[in-house]
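Source file: final06.csv; contents: CSV, C-alpha atoms and all ligand atoms.
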chain,number,residue,atom,x,y,z
A,1,MET,CA,0.0,0.0,0.0
A,2,THR,CA,1.1,3.6,-0.6
A,3,GLU,CA,2.2,6.4,1.7
A,4,THR,CA,-0.6,8.5,3.1
A,5,ASN,CA,-1.0,11.7,5.1
A,6,THR,CA,-4.1,10.3,6.9
A,7,ASP,CA,-4.2,9.3,10.6
A,8,THR,CA,-4.1,5.6,9.5
A,9,LEU,CA,-3.7,3.7,6.3
A,10,VAL,CA,-6.4,1.2,7.1
A,11,THR,CA,-9.3,1.4,9.6
A,12,ILE,CA,-11.4,-1.6,10.3
A,13,VAL,CA,-14.7,-0.8,12.0
A,14,GLY,CA,-15.6,-3.8,14.1
A,15,GLY,CA,-13.3,-6.1,16.0
A,16,GLY,CA,-15.4,-9.3,15.7
A,17,VAL,CA,-14.4,-12.5,13.9
A,18,HIS,CA,-14.4,-10.8,10.5
A,19,GLY,CA,-12.6,-7.6,11.7
A,20,VAL,CA,-9.8,-9.6,13.4
A,21,HIS,CA,-9.5,-12.0,10.4
A,22,LEU,CA,-9.1,-9.0,8.0
A,23,ALA,CA,-6.4,-7.6,10.3
A,24,VAL,CA,-4.5,-10.9,10.4
A,25,ARG,CA,-4.7,-11.3,6.6
A,26,LEU,CA,-3.4,-7.8,6.0
A,27,LEU,CA,-0.6,-8.1,8.5
A,28,GLN,CA,0.4,-11.6,7.5
A,29,ALA,CA,0.6,-10.7,3.8
A,30,ASP,CA,2.8,-7.7,4.8
A,31,LEU,CA,0.4,-5.4,3.0
A,32,ILE,CA,0.5,-3.0,6.0
A,33,ASP,CA,2.5,-2.4,9.1
A,34,VAL,CA,0.7,-2.8,12.5
A,35,CYS,CA,1.2,0.9,13.2
A,36,GLU,CA,-0.7,1.7,10.0
A,37,LEU,CA,-3.8,-0.1,11.2
A,38,GLN,CA,-6.6,0.9,13.5
A,39,ILE,CA,-9.5,-1.2,14.7
A,40,LEU,CA,-12.5,0.6,16.1
A,41,ASP,CA,-14.7,-1.4,18.5
A,42,PRO,CA,-16.3,-0.2,21.8
A,43,THR,CA,-16.6,-3.7,23.1
A,44,GLY,CA,-13.0,-5.0,22.6
A,45,LEU,CA,-11.6,-7.6,20.2
A,46,LEU,CA,-13.9,-10.6,19.8
A,47,GLU,CA,-15.8,-9.5,22.9
A,48,SER,CA,-19.2,-9.4,21.3
A,49,PHE,CA,-18.9,-13.1,20.1
A,50,ARG,CA,-17.6,-14.1,23.5
A,51,ARG,CA,-20.5,-12.5,25.1
A,52,LYS,CA,-22.9,-14.3,22.7
A,53,CYS,CA,-21.4,-17.6,23.6
A,54,ARG,CA,-21.9,-16.8,27.3
A,55,GLN,CA,-25.4,-15.5,26.8
A,56,CYS,CA,-26.6,-18.7,25.1
A,57,GLY,CA,-24.3,-21.2,26.9
A,58,MET,CA,-22.4,-22.1,23.8
A,59,VAL,CA,-19.3,-24.0,25.0
A,60,GLU,CA,-18.5,-25.8,21.8
A,61,PHE,CA,-18.8,-24.6,18.2
A,62,ARG,CA,-20.8,-26.0,15.4
A,63,SER,CA,-18.3,-25.2,12.8
A,64,PRO,CA,-15.2,-27.3,12.0
A,65,PHE,CA,-11.7,-26.4,13.3
A,66,VAL,CA,-10.8,-24.9,9.9
A,67,HIS,CA,-13.0,-22.0,10.7
A,68,HIS,CA,-11.1,-19.5,12.8
A,69,VAL,CA,-9.6,-16.0,12.6
A,70,GLY,CA,-6.3,-17.0,11.0
A,71,THR,CA,-5.4,-17.8,7.5
A,72,ASP,CA,-3.8,-21.3,7.7
A,73,PRO,CA,-6.8,-23.7,7.8
A,74,PHE,CA,-5.0,-26.1,10.2
A,75,SER,CA,-3.6,-23.5,12.6
A,76,LEU,CA,-6.3,-24.1,15.2
A,77,ARG,CA,-5.9,-27.9,15.1
A,78,ASP,CA,-2.1,-27.5,15.4
A,79,PHE,CA,-2.5,-25.0,18.2
A,80,ALA,CA,-4.6,-27.7,20.1
A,81,ARG,CA,-2.1,-30.5,19.4
A,82,GLU,CA,0.9,-28.5,20.5
A,83,ARG,CA,-0.8,-27.7,23.8
A,84,GLY,CA,-2.2,-31.2,24.5
A,85,ARG,CA,-5.7,-29.9,24.0
A,86,GLU,CA,-6.9,-32.3,21.4
A,87,ASP,CA,-9.8,-33.3,23.8
A,88,GLU,CA,-11.2,-29.8,23.0
A,89,LEU,CA,-11.7,-30.9,19.4
A,90,ARG,CA,-15.1,-32.6,19.4
A,91,SER,CA,-16.0,-35.3,16.9
A,92,THR,CA,-18.6,-34.8,14.3
A,93,THR,CA,-20.3,-36.8,11.5
A,94,VAL,CA,-19.5,-34.3,8.8
A,95,GLY,CA,-16.2,-32.6,8.2
A,96,ALA,CA,-13.4,-31.8,10.6
A,97,GLU,CA,-13.8,-31.8,14.4
A,98,ARG,CA,-15.4,-28.9,16.2
A,99,PRO,CA,-13.4,-26.7,18.7
A,100,THR,CA,-14.6,-25.8,22.1
A,101,ALA,CA,-15.3,-22.1,22.5
A,102,SER,CA,-12.4,-21.6,24.9
A,103,LEU,CA,-10.0,-23.3,22.4
A,104,PHE,CA,-11.3,-21.1,19.6
A,105,PHE,CA,-10.8,-17.9,21.6
A,106,ASP,CA,-7.4,-18.9,23.1
A,107,HIS,CA,-6.2,-19.5,19.5
A,108,ALA,CA,-7.6,-16.2,18.3
A,109,GLU,CA,-5.9,-14.4,21.2
A,110,TRP,CA,-2.6,-16.1,20.4
A,111,LEU,CA,-2.9,-15.0,16.8
A,112,CYS,CA,-3.7,-11.4,17.9
A,113,ASP,CA,-0.7,-11.4,20.2
A,114,GLN,CA,1.6,-12.6,17.4
A,115,TYR,CA,0.6,-9.7,15.2
A,116,GLY,CA,0.2,-7.1,18.0
A,117,ILE,CA,-3.5,-6.6,17.0
A,118,GLU,CA,-4.6,-5.5,20.5
A,119,SER,CA,-2.4,-2.4,20.1
A,120,THR,CA,-4.5,-1.3,17.1
A,121,LEU,CA,-7.7,-1.2,19.0
A,122,LEU,CA,-9.5,2.1,19.7
A,123,ASP,CA,-12.3,1.9,22.2
A,124,ALA,CA,-14.7,3.9,20.0
A,125,ARG,CA,-17.9,3.5,17.9
A,126,ALA,CA,-18.0,4.8,14.4
A,127,THR,CA,-21.0,7.0,13.9
A,128,ASP,CA,-20.5,8.3,10.4
A,129,ILE,CA,-18.2,8.0,7.4
A,130,LYS,CA,-17.6,10.6,4.7
A,131,ASN,CA,-15.6,10.6,1.5
A,132,ASN,CA,-12.9,13.3,1.7
A,133,GLN,CA,-11.0,13.7,-1.5
A,134,GLY,CA,-10.3,10.0,-1.9
A,135,ASN,CA,-9.7,9.4,1.8
A,136,VAL,CA,-12.3,8.5,4.4
A,137,GLU,CA,-13.3,10.7,7.3
A,138,ILE,CA,-14.6,8.5,10.1
A,139,GLU,CA,-16.6,10.2,12.9
A,140,THR,CA,-16.3,8.2,16.1
A,141,THR,CA,-17.3,8.6,19.7
A,142,GLN,CA,-13.6,9.5,20.3
A,143,GLY,CA,-13.3,12.1,17.6
A,144,CYS,CA,-12.7,12.1,13.9
A,145,ILE,CA,-10.2,9.8,12.2
A,146,SER,CA,-8.9,10.1,8.6
A,147,SER,CA,-8.0,6.9,6.9
A,148,GLN,CA,-7.1,5.9,3.4
A,149,TRP,CA,-9.1,2.7,3.6
A,150,CYS,CA,-12.1,1.9,5.8
A,151,LEU,CA,-13.3,-1.7,6.0
A,152,LEU,CA,-16.6,-2.3,7.6
A,153,ALA,CA,-16.9,-5.5,9.7
A,154,VAL,CA,-19.8,-4.5,12.0
A,155,GLY,CA,-21.7,-7.7,12.0
A,156,HIS,CA,-25.4,-7.1,12.3
A,157,GLY,CA,-24.7,-3.9,14.2
A,158,ARG,CA,-27.0,-3.2,17.1
A,159,SER,CA,-30.4,-4.1,15.5
A,160,PHE,CA,-32.2,-7.0,17.0
A,161,THR,CA,-35.6,-8.3,15.7
A,162,TYR,CA,-38.2,-7.8,18.3
A,163,PRO,CA,-41.7,-9.0,17.3
A,164,GLU,CA,-44.4,-6.4,17.6
A,165,TRP,CA,-45.9,-7.8,20.8
A,166,ALA,CA,-42.5,-8.0,22.5
A,167,ARG,CA,-41.7,-4.3,21.7
A,168,GLU,CA,-44.7,-3.2,23.6
A,169,LEU,CA,-43.7,-5.2,26.7
A,170,VAL,CA,-40.0,-4.4,26.9
A,171,SER,CA,-40.5,-1.2,29.0
A,172,THR,CA,-42.8,-2.8,31.5
A,173,GLU,CA,-42.0,-6.5,31.7
A,174,PRO,CA,-38.8,-8.6,32.0
A,175,VAL,CA,-38.7,-9.2,28.3
A,176,THR,CA,-35.4,-9.0,26.5
A,177,HIS,CA,-33.6,-10.2,23.4
A,178,VAL,CA,-30.9,-12.8,24.1
A,179,TRP,CA,-28.2,-10.6,22.4
A,180,GLU,CA,-29.0,-7.4,24.3
A,181,PRO,CA,-25.6,-6.5,25.9
A,182,THR,CA,-27.5,-6.2,29.2
A,183,PHE,CA,-28.8,-9.8,29.1
A,184,ASP,CA,-27.0,-12.0,31.6
A,185,PRO,CA,-28.5,-15.5,32.0
A,186,ASN,CA,-26.9,-15.7,35.5
A,187,THR,CA,-29.2,-13.0,36.8
A,188,ILE,CA,-32.3,-15.1,36.2
A,189,ASP,CA,-33.8,-16.2,39.4
A,190,GLU,CA,-33.4,-19.9,40.3
A,191,THR,CA,-37.1,-20.4,40.6
A,192,SER,CA,-38.3,-18.2,37.8
A,193,THR,CA,-40.5,-19.4,35.0
A,194,VAL,CA,-38.7,-18.5,31.7
A,195,GLY,CA,-40.4,-18.4,28.3
A,196,ILE,CA,-38.0,-18.6,25.4
A,197,VAL,CA,-39.3,-17.7,21.9
A,198,GLY,CA,-37.4,-19.4,19.1
A,199,GLY,CA,-36.8,-22.9,17.6
A,200,GLY,CA,-33.2,-22.8,16.3
A,201,ILE,CA,-29.8,-23.3,17.8
A,202,THR,CA,-29.8,-20.2,20.0
A,203,ALA,CA,-33.2,-21.0,21.6
A,204,ALA,CA,-32.4,-24.7,22.1
A,205,GLN,CA,-29.0,-23.9,23.7
A,206,LEU,CA,-30.4,-21.3,25.9
A,207,ALA,CA,-33.3,-23.5,27.1
A,208,THR,CA,-31.0,-26.4,27.9
A,209,MET,CA,-28.5,-24.2,29.6
A,210,LEU,CA,-31.2,-22.7,31.9
A,211,THR,CA,-32.7,-25.9,33.1
A,212,GLN,CA,-32.3,-26.6,36.7
A,213,PRO,CA,-34.5,-28.0,39.5
A,214,GLY,CA,-37.1,-25.5,40.6
A,215,ARG,CA,-37.0,-23.4,37.4
A,216,ASP,CA,-39.7,-23.8,34.7
A,217,ILE,CA,-38.6,-23.4,31.1
A,218,VAL,CA,-41.2,-23.0,28.4
A,219,LEU,CA,-39.9,-23.1,24.8
A,220,PHE,CA,-42.2,-21.5,22.2
A,221,ALA,CA,-41.4,-22.8,18.7
A,222,ARG,CA,-43.1,-21.8,15.6
A,223,SER,CA,-42.4,-24.8,13.5
A,224,PRO,CA,-40.9,-28.3,13.9
A,225,PHE,CA,-37.2,-28.4,14.8
A,226,ARG,CA,-34.9,-28.8,11.9
A,227,VAL,CA,-31.6,-30.5,12.4
A,228,GLU,CA,-28.5,-29.8,10.2
A,229,THR,CA,-24.9,-30.6,11.2
A,230,LEU,CA,-23.5,-27.5,9.6
A,231,GLU,CA,-24.8,-24.0,9.1
A,232,ALA,CA,-24.7,-24.4,5.4
A,233,SER,CA,-23.9,-27.1,2.8
A,234,THR,CA,-20.4,-28.6,2.8
A,235,ASP,CA,-19.6,-26.6,-0.4
A,236,TRP,CA,-19.6,-23.5,1.8
A,237,MET,CA,-17.2,-25.1,4.3
A,238,HIS,CA,-14.5,-25.3,1.5
A,239,PHE,CA,-14.4,-21.6,0.7
A,240,SER,CA,-12.2,-22.1,-2.4
A,241,GLY,CA,-15.2,-23.9,-4.0
A,242,ILE,CA,-17.6,-21.0,-3.7
A,243,THR,CA,-15.3,-18.0,-4.0
A,244,GLU,CA,-16.0,-17.6,-7.8
A,245,LYS,CA,-19.7,-17.8,-7.3
A,246,LEU,CA,-19.6,-15.3,-4.4
A,247,HIS,CA,-17.3,-12.9,-6.2
A,248,SER,CA,-19.5,-12.9,-9.3
A,249,ARG,CA,-21.9,-10.7,-7.3
A,250,PRO,CA,-20.6,-7.2,-6.5
A,251,PRO,CA,-19.1,-6.6,-3.0
A,252,ALA,CA,-21.6,-5.4,-0.3
A,253,SER,CA,-24.4,-5.9,-2.8
A,254,ARG,CA,-27.9,-7.1,-2.1
A,255,ALA,CA,-27.3,-9.9,-4.6
A,256,ARG,CA,-24.3,-11.2,-2.7
A,257,GLU,CA,-26.2,-11.0,0.6
A,258,GLU,CA,-29.1,-13.0,-1.0
A,259,LEU,CA,-26.7,-15.7,-2.2
A,260,VAL,CA,-25.3,-16.1,1.4
A,261,ALA,CA,-28.8,-16.0,2.9
A,262,GLU,CA,-30.0,-18.7,0.5
A,263,ALA,CA,-27.1,-20.9,1.4
A,264,ARG,CA,-27.5,-20.7,5.2
A,265,TYR,CA,-29.6,-23.3,7.0
A,266,ASP,CA,-31.2,-20.6,9.1
A,267,GLY,CA,-33.3,-21.7,12.0
A,268,THR,CA,-31.7,-25.1,12.3
A,269,MET,CA,-29.7,-26.8,15.1
A,270,PRO,CA,-26.9,-29.3,15.0
A,271,PRO,CA,-27.6,-32.9,16.2
A,272,TYR,CA,-25.7,-32.6,19.5
A,273,VAL,CA,-27.9,-29.6,20.5
A,274,PHE,CA,-31.0,-31.4,19.4
A,275,ARG,CA,-30.1,-34.5,21.4
A,276,ARG,CA,-29.6,-32.3,24.5
A,277,LEU,CA,-33.0,-30.7,23.9
A,278,GLN,CA,-34.8,-34.0,23.3
A,279,ARG,CA,-33.4,-35.3,26.6
A,280,ALA,CA,-34.5,-32.2,28.5
A,281,LEU,CA,-38.0,-32.4,26.9
A,282,LYS,CA,-38.2,-36.1,27.8
A,283,GLN,CA,-37.2,-35.5,31.4
A,284,GLU,CA,-39.8,-32.6,31.4
A,285,GLN,CA,-37.2,-30.0,32.3
A,286,ILE,CA,-38.5,-28.0,29.3
A,287,GLU,CA,-42.1,-27.6,28.2
A,288,LEU,CA,-42.7,-27.2,24.5
A,289,GLU,CA,-45.5,-24.9,23.2
A,290,SER,CA,-46.2,-24.0,19.6
A,291,LEU,CA,-45.8,-20.3,19.0
A,292,SER,CA,-49.0,-18.5,18.4
A,293,LYS,CA,-49.1,-14.9,17.0
A,294,ASN,CA,-48.8,-13.5,20.5
A,295,PRO,CA,-47.4,-15.9,23.0
A,296,VAL,CA,-47.7,-13.5,25.9
A,297,ASP,CA,-51.2,-14.6,27.1
A,298,ARG,CA,-50.3,-18.2,26.6
A,299,PHE,CA,-47.1,-17.6,28.7
A,300,TYR,CA,-49.0,-16.0,31.5
A,301,HIS,CA,-51.5,-18.8,31.5
A,302,ILE,CA,-48.7,-21.4,31.7
A,303,ARG,CA,-46.9,-19.4,34.4
A,304,GLY,CA,-50.1,-19.2,36.4
A,305,ARG,CA,-50.6,-22.9,36.0
A,306,LEU,CA,-47.0,-23.8,37.0
A,307,HIS,CA,-47.1,-21.5,40.0
A,308,SER,CA,-50.4,-22.9,41.2
A,309,CYS,CA,-48.7,-26.4,41.3
A,310,SER,CA,-47.7,-27.3,44.8
A,311,PRO,CA,-43.9,-27.5,45.2
A,312,SER,CA,-44.1,-31.3,45.7
A,313,THR,CA,-46.1,-31.7,42.4
A,314,LYS,CA,-44.1,-33.8,40.0
A,315,PRO,CA,-43.8,-32.2,36.6
A,316,LYS,CA,-45.6,-35.1,34.9
A,317,ASP,CA,-48.6,-34.6,37.2
A,318,ARG,CA,-49.1,-31.1,35.9
A,319,GLU,CA,-50.9,-31.9,32.7
B,401,LIG,C1,-25.8,-19.6,18.5
B,401,LIG,C2,-24.7,-19.2,17.5
B,401,LIG,C3,-23.8,-20.2,17.2
B,401,LIG,C4,-22.8,-19.9,16.3
B,401,LIG,N1,-21.9,-20.8,16.0
B,401,LIG,C5,-20.8,-20.5,15.2
B,401,LIG,C6,-19.8,-21.5,14.9
B,401,LIG,O1,-19.9,-22.6,15.4
B,401,LIG,N2,-18.8,-21.1,14.1
B,401,LIG,C7,-18.7,-19.8,13.6
B,401,LIG,O2,-17.8,-19.5,12.9
B,401,LIG,N3,-19.7,-18.9,13.8
B,401,LIG,C8,-20.7,-19.2,14.6
B,401,LIG,N4,-21.7,-18.3,14.8
B,401,LIG,C9,-21.7,-17.1,14.0
B,401,LIG,C10,-20.8,-16.0,14.6
B,401,LIG,O3,-21.2,-15.6,15.8
B,401,LIG,C11,-20.8,-14.9,13.6
B,401,LIG,O4,-20.6,-15.4,12.3
B,401,LIG,C12,-19.6,-13.9,13.9
B,401,LIG,O5,-19.7,-13.5,15.2
B,401,LIG,C13,-19.8,-12.8,12.9
B,401,LIG,O6,-18.6,-12.0,13.1
B,401,LIG,P1,-18.6,-10.5,12.7
B,401,LIG,O7,-17.2,-10.0,12.9
B,401,LIG,O8,-19.2,-10.3,11.3
B,401,LIG,O9,-19.7,-9.8,13.6
B,401,LIG,P2,-19.6,-9.6,15.2
B,401,LIG,O10,-19.0,-10.8,15.9
B,401,LIG,O11,-21.0,-9.2,15.6
B,401,LIG,O12,-18.6,-8.4,15.4
B,401,LIG,C14,-19.0,-7.1,14.9
B,401,LIG,C15,-18.3,-6.1,15.8
B,401,LIG,O13,-18.5,-4.8,15.3
B,401,LIG,C16,-18.6,-3.9,16.4
B,401,LIG,N5,-19.3,-2.8,15.9
B,401,LIG,C17,-20.6,-2.8,15.4
B,401,LIG,N6,-20.9,-1.5,15.0
B,401,LIG,C18,-19.8,-0.7,15.2
B,401,LIG,C19,-19.5,0.6,15.0
B,401,LIG,N7,-20.4,1.5,14.5
B,401,LIG,N8,-18.3,1.1,15.4
B,401,LIG,C20,-17.4,0.2,15.9
B,401,LIG,N9,-17.6,-1.1,16.1
B,401,LIG,C21,-18.8,-1.6,15.8
B,401,LIG,C22,-19.4,-4.7,17.4
B,401,LIG,O14,-19.1,-4.2,18.7
B,401,LIG,C23,-18.8,-6.1,17.3
B,401,LIG,O15,-17.7,-6.3,18.2
B,401,LIG,C24,-22.7,-18.6,15.7
B,401,LIG,C25,-23.6,-17.6,16.1
B,401,LIG,C26,-24.6,-17.9,17.0
B,401,LIG,C27,-25.6,-16.9,17.3

Please render this file's structure as structure tokens.
Amino acid sequence: MTETNTDTLVTIVGGGVHGVHLAVRLLQADLIDVCELQILDPTGLLESFRRKCRQCGMVEFRSPFVHHVGTDPFSLRDFARERGREDELRSTTVGAERPTASLFFDHAEWLCDQYGIESTLLDARATDIKNNQGNVEIETTQGCISSQWCLLAVGHGRSFTYPEWARELVSTEPVTHVWEPTFDPNTIDETSTVGIVGGGITAAQLATMLTQPGRDIVLFARSPFRVETLEASTDWMHFSGITEKLHSRPPASRAREELVAEARYDGTMPPYVFRRLQRALKQEQIELESLSKNPVDRFYHIRGRLHSCSPSTKPKDRE
């Protein structure tokens, strides 16, 4: 890359999986020096993914070990082997083994240390970007930064989908989206009745994580559970096979987004999560309800019913 009189040569907005991967790629290919790079993220490197794992109790990943923030596909596997942590690579029926969350993040941290990526982090949120004579002016919560390149890796940003009925309740009732930064499953009372709306991997993991004696969990699912080992077909696991197809659509275009959306097995859960859910349903640790348009009345009805059971009532006697 060429010399510039901007504050930085490259600014990456977002220090999640994609932001960190971009940084590793640029640094490893010697395209930039670490002092020419800045990553903006108010939550810290990889912190938003870490938080999501905590929020839904995800201790092992669905994706194979070749998916990580580095560039060498086998780097995570080798990292595990060199440290005697092969037991943190979980077997699977399709593709390579799956890492535990802690192995994934330790490996990512190790890579960040190698390239000094933490030193590029600015604790700031980008609020606006403008084109300024070929450079980019980035407004942030810590002031303005000029950069020759600005790469957006903001994930889904801060927008969560709340159904209409839930939006009305948020201000008055303990209703929240699982990815709200303020949501902490550890603060849920041990004897609460918890309604979880959703039927995919997140809802199933959250429901099974929250089960404990004395707590009633009701899972509201709209449609039958769908089980898929991976998040997309195996073609998408070998990126070289789909690069051409993906790059035939313009970068950041709706067409490219649609291609990815079509390929994803949204709303599915992998077999190991499904088995856990089935066990919990069988043992009546979780109650399953089909999701109506507005599950609130149904939830209050169930909560009333559960609370009216005497403490000694066995779950199977409730019906
Ligand atoms: C239940 C579940 C299971 C999953 N399992 C897997 C798996 O097994 N394997 C896998 O690879 N993936 C998995 N994923 C997907 C994975 O979480 C996402 O693909 C990944 O986190 C996306 O990374 P990202 O960098 O695009 O976005 P994010 O991780 O969301 O990072 C975006 C970052 O941008 C920052 N940001 C946003 N706006 C701004 C701004 N204006 N200024 C500055 N910073 C900003 C945010 O703070 C955040 O840190 C799973 C997801 C879920 C929910």

Worksheet item: What is the atom CA of Gln28 of chain A to atom CA of Asp72 of chain A distance in Å?
Response: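 Computed distance, atom CA of Gln28 of chain A to atom CA of Asp72 of chain A, equals 10.6 Å.
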
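The space separating atom CA of Thr120 of chain A from atom CA of Ile39 of chain A comes to 5.5 Å.
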
Item to complete: May I have the residues within 7 Å of ligand LIG 401 (chain B), computed using only C-alpha atoms and all ligand atoms, as a ChimeraX atom specification?
Response: /A:13-19,40-49,52,56,58,61-63,67-68,124-127,153-158,201-202

Could you produce a table of the residues of segment 87-182 of chain A lying within 12 Å of segment 256-273 of chain A, with the nearest pair of atoms per residue and their separation in Å rounded to one decimal, using only C-alpha atoms, ordered by chain and increasing residue number, as a Markdown table?
| residue | atom | partner | partner_atom | distance |
| --- | --- | --- | --- | --- |
| A:Arg90 | CA | A:Tyr272 | CA | 10.6 |
| A:Ser91 | CA | A:Tyr272 | CA | 10.4 |
| A:Thr92 | CA | A:Tyr272 | CA | 9.1 |
| A:Thr93 | CA | A:Pro271 | CA | 9.5 |
| A:Val94 | CA | A:Pro270 | CA | 10.9 |
| A:Arg98 | CA | A:Tyr272 | CA | 11.4 |

Practice prompt. Within 9 Å of Asp128 of chain A, counting all atoms listed in the file, which residues show up once you throw out same-chain ones fewer than 5 positions away? Write them as a PyMOL selection string, please.
Written response: chain A and resi 137-140

Item to complete: Enter the distance from atom CA of Trp179 of chain A to atom CA of Ala101 of chain A, in Å, rounded to one decimal.
Response: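 These atoms are spaced 17.3 Å apart.
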
Discussion item. Just want the 7 Å neighbourhood of Leu9 of chain A, counted on all atoms listed in the file, with same-chain residues fewer than 3 positions away dropped. Output as number ranges by chain.
Written reply: A: 4, 6, 36-37, 147-149

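Across A:Leu291, A:Ile286, A:Ala108, A:Val59, the tightest approach to Thr193 of chain A is made by A:Ile286 when counting all atoms listed in the file.
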
Discussion item. Residues near Val69 of chain A, anyone? I mean within 10 Å using all atoms listed in the file, not counting same-chain ones fewer than 5 positions away, as a PyMOL selection string.
Written reply: chain A and resi 16-25+46+75-76+104-105+107-109+111-112

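Using only C-alpha atoms, the protein and nucleic acid residues lying no more than 10 Å from segment 183-190 of chain A, apart from those fewer than 6 places from it along its own chain, are Arg51, Lys52, Arg54, Gln55, Cys56, Gly57, Val175, Thr176, His177, Leu206, Met209, Leu210, Thr211, Gln212, Pro213, Gly214, Arg215 and Asp216 of chain A.
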
All heavy atoms are what I want for segment 277-283 of chain A; can you complete it accordingly and write them as a short mmCIF file (atom, residue, chain, number, x, y, z; two decimals), keeping the file's coordinate frame?
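rebuild35.cif written:
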data_model
loop_
_atom_site.label_atom_id
_atom_site.label_comp_id
_atom_site.auth_asym_id
_atom_site.auth_seq_id
_atom_site.Cartn_x
_atom_site.Cartn_y
_atom_site.Cartn_z
N LEU A 277 -31.64 -31.18 23.73
CA LEU A 277 -33.00 -30.70 23.90
C LEU A 277 -34.01 -31.80 24.04
O LEU A 277 -34.89 -31.74 24.91
CB LEU A 277 -33.35 -29.83 22.62
CG LEU A 277 -34.77 -29.25 22.56
CD1 LEU A 277 -35.01 -28.26 23.70
CD2 LEU A 277 -35.01 -28.56 21.22
N GLN A 278 -33.84 -32.84 23.23
CA GLN A 278 -34.80 -34.00 23.30
C GLN A 278 -34.73 -34.59 24.73
O GLN A 278 -35.76 -34.93 25.30
CB GLN A 278 -34.33 -35.06 22.32
CG GLN A 278 -34.95 -34.90 20.96
CD GLN A 278 -34.55 -36.05 20.06
OE1 GLN A 278 -33.37 -36.41 20.01
NE2 GLN A 278 -35.51 -36.62 19.37
N ARG A 279 -33.50 -34.71 25.27
CA ARG A 279 -33.40 -35.30 26.60
C ARG A 279 -34.12 -34.42 27.64
O ARG A 279 -34.86 -34.91 28.48
CB ARG A 279 -31.88 -35.34 27.02
CG ARG A 279 -31.25 -36.71 26.81
CD ARG A 279 -29.95 -36.86 27.59
NE ARG A 279 -28.98 -35.81 27.39
CZ ARG A 279 -28.11 -35.76 26.39
NH1 ARG A 279 -28.09 -36.71 25.48
NH2 ARG A 279 -27.25 -34.77 26.29
N ALA A 280 -33.92 -33.10 27.52
CA ALA A 280 -34.50 -32.20 28.50
C ALA A 280 -36.07 -32.21 28.35
O ALA A 280 -36.79 -32.12 29.35
CB ALA A 280 -34.02 -30.77 28.29
N LEU A 281 -36.56 -32.38 27.12
CA LEU A 281 -38.00 -32.40 26.90
C LEU A 281 -38.56 -33.74 27.50
O LEU A 281 -39.59 -33.76 28.18
CB LEU A 281 -38.35 -32.38 25.42
CG LEU A 281 -38.16 -31.01 24.74
CD1 LEU A 281 -38.21 -31.14 23.22
CD2 LEU A 281 -39.22 -30.02 25.22
N LYS A 282 -37.81 -34.82 27.27
CA LYS A 282 -38.20 -36.10 27.80
C LYS A 282 -38.28 -36.13 29.29
O LYS A 282 -39.18 -36.67 29.91
CB LYS A 282 -37.24 -37.18 27.26
CG LYS A 282 -37.83 -38.55 27.13
CD LYS A 282 -36.92 -39.44 26.33
CE LYS A 282 -37.23 -40.89 26.66
NZ LYS A 282 -36.14 -41.76 26.34
N GLN A 283 -37.28 -35.49 29.88
CA GLN A 283 -37.20 -35.50 31.40
C GLN A 283 -38.10 -34.34 31.93
O GLN A 283 -38.03 -34.03 33.11
CB GLN A 283 -35.77 -35.27 31.80
CG GLN A 283 -34.92 -36.49 31.50
CD GLN A 283 -33.42 -36.23 31.64
OE1 GLN A 283 -33.01 -35.16 32.07
NE2 GLN A 283 -32.62 -37.20 31.27
#
